[in-house]
file work.cif (mmCIF, C-alpha atoms and all ligand atoms)
data_my_file
#
loop_
_atom_site.label_atom_id
_atom_site.label_comp_id
_atom_site.auth_asym_id
_atom_site.auth_seq_id
_atom_site.Cartn_x
_atom_site.Cartn_y
_atom_site.Cartn_z
CA MET A 22 0.00 0.00 0.00
CA SER A 23 1.46 3.39 -0.88
CA GLY A 24 0.75 6.36 1.34
CA PRO A 25 -0.64 6.41 4.84
CA VAL A 26 -4.04 4.90 5.61
CA ALA A 27 -6.07 6.05 8.61
CA ALA A 28 -7.36 3.07 10.52
CA THR A 29 -9.72 3.25 13.47
CA LEU A 30 -8.50 1.31 16.52
CA ARG A 31 -11.12 -0.46 18.61
CA PRO A 32 -10.95 -2.82 21.58
CA MET A 33 -10.88 -6.44 20.37
CA THR A 34 -13.90 -8.49 21.45
CA ALA A 35 -15.16 -12.03 20.77
CA VAL A 36 -16.97 -10.70 17.70
CA HIS A 37 -13.63 -9.98 16.05
CA VAL A 38 -12.09 -13.40 16.73
CA PRO A 39 -12.94 -15.09 13.37
CA ASP A 40 -11.47 -12.19 11.37
CA VAL A 41 -8.39 -12.04 13.59
CA MET A 42 -7.85 -15.80 13.25
CA ALA A 43 -8.07 -15.47 9.45
CA LEU A 44 -5.39 -12.78 9.57
CA GLU A 45 -3.31 -14.88 11.94
CA ASP A 46 -3.28 -17.69 9.34
CA ILE A 47 -2.17 -15.36 6.55
CA LEU A 48 0.50 -13.59 8.61
CA PHE A 49 2.08 -16.22 10.82
CA GLY A 50 1.69 -19.57 9.01
CA ALA A 51 3.18 -22.39 11.08
CA GLU A 52 3.60 -20.10 14.07
CA ARG A 53 0.01 -18.86 14.14
CA TRP A 54 -1.91 -18.88 17.38
CA THR A 55 -4.72 -21.34 17.88
CA LEU A 56 -8.27 -20.18 18.51
CA ALA A 57 -7.90 -21.38 22.11
CA MET A 58 -4.80 -19.23 22.62
CA LEU A 59 -6.52 -16.09 21.36
CA ARG A 60 -9.65 -16.75 23.43
CA GLU A 61 -7.54 -17.34 26.54
CA GLU A 62 -5.79 -14.02 25.99
CA LEU A 63 -9.11 -12.16 25.64
CA ASP A 64 -10.40 -13.82 28.81
CA LEU A 65 -7.51 -12.34 30.81
CA VAL A 66 -9.23 -8.99 30.92
CA ASP A 67 -7.22 -7.50 33.80
CA SER A 68 -3.75 -8.03 32.41
CA ARG A 69 -4.40 -7.84 28.66
CA TYR A 70 -5.12 -5.05 26.16
CA TYR A 71 -6.10 -6.08 22.61
CA VAL A 72 -7.13 -3.84 19.74
CA VAL A 73 -8.18 -4.24 16.13
CA ALA A 74 -7.48 -1.79 13.31
CA VAL A 75 -10.49 -1.17 11.09
CA VAL A 76 -10.61 0.38 7.61
CA ASP A 77 -14.01 0.65 5.89
CA GLU A 78 -15.47 -1.78 8.47
CA GLN A 79 -12.81 -4.39 7.52
CA ILE A 80 -10.42 -5.67 10.16
CA VAL A 81 -6.99 -5.12 8.66
CA GLY A 82 -4.79 -5.45 11.74
CA TYR A 83 -4.62 -6.28 15.41
CA ALA A 84 -2.27 -6.12 18.36
CA GLY A 85 -2.13 -7.20 21.97
CA LEU A 86 -0.30 -6.27 25.15
CA ALA A 87 0.13 -8.09 28.47
CA ALA A 88 0.92 -5.86 31.45
CA PHE A 89 2.05 -6.89 34.93
CA ASP A 90 3.00 -4.16 37.40
CA ASP A 91 6.03 -2.42 35.94
CA GLU A 92 6.54 -4.78 32.95
CA ALA A 93 4.55 -5.15 29.75
CA PHE A 94 4.92 -7.51 26.79
CA VAL A 95 3.89 -7.00 23.18
CA GLN A 96 2.08 -10.31 22.66
CA THR A 97 1.29 -9.96 18.98
CA ILE A 98 0.95 -7.43 16.17
CA GLY A 99 -0.08 -7.94 12.56
CA VAL A 100 -1.40 -6.06 9.54
CA HIS A 101 -3.01 -7.61 6.44
CA PRO A 102 -0.44 -7.73 3.61
CA ASP A 103 -2.61 -5.49 1.39
CA PHE A 104 -2.46 -2.79 4.08
CA GLN A 105 1.17 -3.08 5.18
CA GLY A 106 3.48 -0.11 4.76
CA ALA A 107 0.67 2.40 5.37
CA GLY A 108 1.46 3.25 8.98
CA ILE A 109 -1.13 0.94 10.56
CA GLY A 110 1.46 -1.26 12.30
CA ALA A 111 3.10 1.83 13.76
CA ALA A 112 -0.31 3.14 14.92
CA LEU A 113 -1.09 -0.19 16.60
CA LEU A 114 2.28 -0.29 18.34
CA ASP A 115 1.95 3.33 19.49
CA ASP A 116 -1.45 2.49 20.96
CA LEU A 117 -0.01 -0.48 22.89
CA LEU A 118 2.88 1.63 24.15
CA ALA A 119 0.50 4.37 25.30
CA GLU A 120 -1.47 1.73 27.21
CA ALA A 121 1.75 0.37 28.75
CA ASP A 122 2.54 3.92 29.90
CA ARG A 123 -0.98 4.37 31.32
CA ARG A 124 -0.51 1.16 33.30
CA GLY A 125 2.84 2.34 34.63
CA ALA A 126 4.93 -0.31 32.89
CA ALA A 127 8.41 1.17 32.83
CA THR A 128 9.75 -1.77 30.80
CA VAL A 129 8.21 -3.13 27.60
CA LEU A 130 9.53 -6.40 26.16
CA LEU A 131 8.86 -8.33 22.97
CA GLU A 132 10.21 -11.16 20.86
CA VAL A 133 10.65 -10.96 17.11
CA ARG A 134 12.07 -13.43 14.61
CA THR A 135 15.66 -12.46 13.95
CA ASP A 136 14.92 -12.54 10.19
CA ASN A 137 11.88 -10.21 10.43
CA GLU A 138 13.63 -7.04 9.30
CA ILE A 139 10.48 -4.94 8.81
CA ALA A 140 9.20 -5.59 12.33
CA ARG A 141 12.66 -5.12 13.82
CA ARG A 142 12.96 -1.73 12.17
CA LEU A 143 9.54 -0.71 13.42
CA TYR A 144 10.55 -1.64 16.99
CA ASP A 145 13.94 0.01 16.65
CA ARG A 146 12.25 3.29 15.63
CA ARG A 147 10.06 3.08 18.71
CA GLY A 148 13.09 2.82 20.99
CA PHE A 149 13.33 -0.95 21.44
CA ARG A 150 16.86 -2.26 21.83
CA PRO A 151 18.14 -5.85 21.36
CA LEU A 152 18.54 -7.78 24.61
CA ARG A 153 19.44 -11.33 23.58
CA VAL A 154 18.87 -13.98 20.92
CA ARG A 155 16.84 -17.03 21.92
CA ARG A 156 17.93 -19.89 19.65
CA GLY A 157 15.09 -22.06 18.28
CA TYR A 158 12.52 -20.03 20.22
CA TYR A 159 9.82 -20.61 17.58
CA ARG A 160 9.35 -24.31 18.05
CA ARG A 161 7.48 -25.16 14.87
CA SER A 162 9.93 -23.51 12.49
CA GLY A 163 13.02 -23.65 14.72
CA ALA A 164 13.60 -19.95 13.97
CA ASP A 165 15.54 -17.79 16.41
CA ALA A 166 13.93 -14.93 18.34
CA LEU A 167 15.47 -11.61 19.22
CA GLU A 168 14.26 -10.32 22.58
CA MET A 169 13.94 -6.54 22.58
CA GLN A 170 13.34 -4.08 25.39
CA ARG A 171 12.12 -0.51 25.63
CA GLY A 172 12.91 1.44 28.74
C1 LIG A 201 5.39 -5.85 11.17
C2 LIG A 201 4.06 -5.27 10.71
C3 LIG A 201 3.04 -5.40 11.83
C4 LIG A 201 4.26 -3.78 10.40
O1 LIG A 201 2.99 -3.24 10.04
P1 LIG A 201 2.87 -2.16 8.86
O2 LIG A 201 1.49 -1.62 8.90
O3 LIG A 201 3.35 -2.72 7.60
O4 LIG A 201 3.91 -1.09 9.40
P2 LIG A 201 4.00 0.45 9.02
O5 LIG A 201 3.34 0.74 7.72
O6 LIG A 201 3.56 1.22 10.21
O7 LIG A 201 5.55 0.59 8.80
C5 LIG A 201 6.50 0.35 9.78
C6 LIG A 201 7.85 0.40 9.13
O8 LIG A 201 8.03 -0.74 8.29
C7 LIG A 201 8.26 -0.32 6.93
N1 LIG A 201 7.59 -1.27 6.03
C8 LIG A 201 6.32 -1.70 6.16
N2 LIG A 201 6.07 -2.58 5.18
C9 LIG A 201 7.20 -2.68 4.46
C10 LIG A 201 7.57 -3.45 3.33
N3 LIG A 201 6.73 -4.30 2.74
N4 LIG A 201 8.83 -3.32 2.86
C11 LIG A 201 9.71 -2.50 3.45
N5 LIG A 201 9.41 -1.75 4.52
C12 LIG A 201 8.17 -1.84 5.01
C13 LIG A 201 7.69 1.05 6.85
O9 LIG A 201 8.29 1.81 5.82
C14 LIG A 201 8.03 1.60 8.22
O10 LIG A 201 9.40 1.93 8.27
P3 LIG A 201 9.87 3.31 8.88
O11 LIG A 201 9.44 3.28 10.33
O12 LIG A 201 11.33 3.23 8.69
O13 LIG A 201 9.16 4.34 8.08
C15 LIG A 201 3.56 -5.94 9.42
O14 LIG A 201 4.58 -5.88 8.45
C16 LIG A 201 3.12 -7.38 9.61
O15 LIG A 201 1.98 -7.65 9.96
N6 LIG A 201 4.03 -8.33 9.35
C17 LIG A 201 3.69 -9.75 9.46
C18 LIG A 201 3.44 -10.16 10.89
C19 LIG A 201 4.62 -9.83 11.75
O16 LIG A 201 5.76 -10.07 11.38
N7 LIG A 201 4.36 -9.29 12.95
C20 LIG A 201 5.39 -8.94 13.91
C21 LIG A 201 5.72 -10.14 14.74
S1 LIG A 201 6.94 -9.74 15.98
#

call {"tool": "encode", "arguments": {"input": "work.cif", "output": "structure tokens"}}
result
Amino acid sequence: MSGPVAATLRPMTAVHVPDVMALEDILFGAERWTLAMLREELDLVDSRYYVVAVVDEQIVGYAGLAAFDDEAFVQTIGVHPDFQGAGIGAALLDDLLAEADRRGAATVLLEVRTDNEIARRLYDRRGFRPLRVRRGYYRRSGADALEMQRG
């Protein structure tokens, strides 16, 4: 997609789960979450914050945060391939980081595949710094994860 696209961010609810699972399939392949995993996350209402990005009533992206006291974790973030490169991923991440700040999480952590250059650049621009590489972290593919930390 060329040029920025304004997406509306809304809290993710059970209604959005089928569309989010369809995106999960497209975006993460072998490493996609199961339906049970997503539902479990949404059930943890106190410690989780999930949003969807909507363009013309279509769900084109989603993201989730887990927050515990002074630490928060970016659990997932994804944008439909047709809508990537339009600023929606950055908007989703900014929204999660604002929520982490609201909850007083001084440290925000995430894992990203070491070969995911686009996501790594996005995190780098938002102040995340590499902490360590976890070899074979993604069990199904055997890919390595880079752990990154902000703050
Ligand atoms: C990572 C992801 C969420 C970014 O979302 P996005 O909407 O494409 O991101 P944005 O448009 O906000 O762009 C973020 C940065 O990536 C760059 N970018 C986005 N798509 C790109 C592409 N296809 N090629 C090169 N750069 C790209 C943008 O130029 C921007 O860089 P900048 O900050 O230097 O300007 C999205 O690419 C995605 O869903 N990827 C697959 C799932 C995934 O890997 N999730 C992360 C798991 S840790």

call {"tool": "closest_residue", "arguments": {"input": "work.cif", "among": "A:Leu117, A:Arg141, A:Ala51, A:Ala43", "to": "His101 (chain A)", "atoms": "only C-alpha atoms"}}
result
A:Ala43

call {"tool": "residues_near_ligand", "arguments": {"input": "work.cif", "ligand": "ligand LIG 201 (chain A)", "cutoff": "8 Å", "atoms": "all atoms listed in the file", "output": "PyMOL selection string"}}
result
chain A and resi 25+48-49+82+97-102+104-112+131-134+137+139-143+146

call {"tool": "atom_distance", "arguments": {"input": "work.cif", "atom1": "CA of Leu113 (chain A)", "atom2": "CA of Arg155 (chain A)"}}
result
25.2 Å

call {"tool": "residues_around", "arguments": {"input": "work.cif", "residues": "Val38 (chain A)", "least_positions_apart": "2", "cutoff": "12 Å", "atoms": "only C-alpha atoms", "output": "list in words"}}
result
Pro32, Met33, Thr34, Ala35, Val36, Asp40, Val41, Met42, Ala43, Leu44, Glu45, Trp54, Thr55, Leu56, Ala57, Met58, Leu59, Arg60, Glu61, Glu62, Leu63, Tyr71, Val72, Val73, Ile80, Gly82 and Tyr83 of chain A

call {"tool": "closest_residue", "arguments": {"input": "work.cif", "among": "A:Leu30, A:Gln79, A:Val66, A:Ala87", "to": "Asp115 (chain A)", "atoms": "all atoms listed in the file"}}
result
A:Leu30

call {"tool": "atom_distance", "arguments": {"input": "work.cif", "atom1": "CA of Ala127 (chain A)", "atom2": "CA of Asp90 (chain A)"}}
result
8.9 Å

call {"tool": "atom_distance", "arguments": {"input": "work.cif", "atom1": "CA of Ser162 (chain A)", "atom2": "CA of Gln96 (chain A)"}}
result
18.4 Å

call {"tool": "closest_residue", "arguments": {"input": "work.cif", "among": "A:Ala166, A:Leu65, A:Val76, A:Leu118", "to": "Gly148 (chain A)", "atoms": "only C-alpha atoms"}}
result
A:Leu118

call {"tool": "closest_residue", "arguments": {"input": "work.cif", "among": "A:Leu167, A:Met22, A:Ala28, A:Ala121", "to": "Leu86 (chain A)", "atoms": "only C-alpha atoms"}}
result
A:Ala121

call {"tool": "closest_residue", "arguments": {"input": "work.cif", "among": "A:Leu114, A:Met169, A:Ala88, A:Glu120", "to": "Ser68 (chain A)", "atoms": "all atoms listed in the file"}}
result
A:Ala88

call {"tool": "closest_residue", "arguments": {"input": "work.cif", "among": "A:Glu138, A:Glu92, A:Asp64, A:Asp103", "to": "Ala126 (chain A)", "atoms": "all atoms listed in the file"}}
result
A:Glu92

call {"tool": "residues_around", "arguments": {"input": "work.cif", "residues": "Gly172 (chain A)", "least_positions_apart": "3", "cutoff": "9 Å", "atoms": "all atoms listed in the file", "output": "short mmCIF file (atom, residue, chain, number, x, y, z; two decimals) with C-alpha atoms, in the frame of the given file"}}
result
data_model
loop_
_atom_site.label_atom_id
_atom_site.label_comp_id
_atom_site.auth_asym_id
_atom_site.auth_seq_id
_atom_site.Cartn_x
_atom_site.Cartn_y
_atom_site.Cartn_z
CA ALA A 127 8.41 1.17 32.83
CA THR A 128 9.75 -1.77 30.80
CA VAL A 129 8.21 -3.13 27.60
CA LEU A 130 9.53 -6.40 26.16
CA GLY A 148 13.09 2.82 20.99
CA PHE A 149 13.33 -0.95 21.44
CA ARG A 150 16.86 -2.26 21.83
#

call {"tool": "build_atoms", "arguments": {"input": "work.cif", "residues": "region 63-78 of chain A", "atoms": "N, CA and C atoms", "output": "mmCIF file, in the frame of the given file"}}
result
data_model
loop_
_atom_site.group_PDB
_atom_site.id
_atom_site.type_symbol
_atom_site.label_atom_id
_atom_site.label_comp_id
_atom_site.auth_asym_id
_atom_site.auth_seq_id
_atom_site.Cartn_x
_atom_site.Cartn_y
_atom_site.Cartn_z
ATOM 1 N N LEU A 63 -8.003 -13.123 25.479
ATOM 2 C CA LEU A 63 -9.110 -12.160 25.640
ATOM 3 C C LEU A 63 -9.833 -12.348 26.965
ATOM 4 N N ASP A 64 -9.758 -13.570 27.501
ATOM 5 C CA ASP A 64 -10.400 -13.820 28.810
ATOM 6 C C ASP A 64 -9.637 -13.162 29.956
ATOM 7 N N LEU A 65 -8.346 -12.909 29.745
ATOM 8 C CA LEU A 65 -7.510 -12.340 30.810
ATOM 9 C C LEU A 65 -7.668 -10.816 30.815
ATOM 10 N N VAL A 66 -8.890 -10.399 31.124
ATOM 11 C CA VAL A 66 -9.230 -8.990 30.920
ATOM 12 C C VAL A 66 -8.385 -8.017 31.751
ATOM 13 N N ASP A 67 -7.953 -8.443 32.944
ATOM 14 C CA ASP A 67 -7.220 -7.500 33.800
ATOM 15 C C ASP A 67 -5.825 -7.193 33.285
ATOM 16 N N SER A 68 -5.161 -8.221 32.775
ATOM 17 C CA SER A 68 -3.750 -8.030 32.410
ATOM 18 C C SER A 68 -3.535 -7.845 30.906
ATOM 19 N N ARG A 69 -4.595 -7.921 30.107
ATOM 20 C CA ARG A 69 -4.400 -7.840 28.660
ATOM 21 C C ARG A 69 -5.100 -6.617 28.062
ATOM 22 N N TYR A 70 -4.552 -6.178 26.908
ATOM 23 C CA TYR A 70 -5.120 -5.050 26.160
ATOM 24 C C TYR A 70 -4.981 -5.410 24.687
ATOM 25 N N TYR A 71 -6.107 -5.691 24.023
ATOM 26 C CA TYR A 71 -6.100 -6.080 22.610
ATOM 27 C C TYR A 71 -6.925 -5.104 21.789
ATOM 28 N N VAL A 72 -6.413 -4.746 20.624
ATOM 29 C CA VAL A 72 -7.130 -3.840 19.740
ATOM 30 C C VAL A 72 -7.144 -4.384 18.317
ATOM 31 N N VAL A 73 -8.154 -3.964 17.561
ATOM 32 C CA VAL A 73 -8.180 -4.240 16.130
ATOM 33 C C VAL A 73 -8.093 -2.908 15.383
ATOM 34 N N ALA A 74 -7.535 -2.963 14.182
ATOM 35 C CA ALA A 74 -7.480 -1.790 13.310
ATOM 36 C C ALA A 74 -8.490 -2.002 12.195
ATOM 37 N N VAL A 75 -9.368 -1.025 12.015
ATOM 38 C CA VAL A 75 -10.490 -1.170 11.090
ATOM 39 C C VAL A 75 -10.396 -0.099 9.994
ATOM 40 N N VAL A 76 -10.534 -0.548 8.744
ATOM 41 C CA VAL A 76 -10.610 0.380 7.610
ATOM 42 C C VAL A 76 -11.860 -0.001 6.820
ATOM 43 N N ASP A 77 -12.752 0.932 6.603
ATOM 44 C CA ASP A 77 -14.010 0.650 5.890
ATOM 45 C C ASP A 77 -14.716 -0.587 6.450
ATOM 46 N N GLU A 78 -14.799 -0.673 7.755
ATOM 47 C CA GLU A 78 -15.470 -1.780 8.470
ATOM 48 C C GLU A 78 -14.775 -3.132 8.270
#
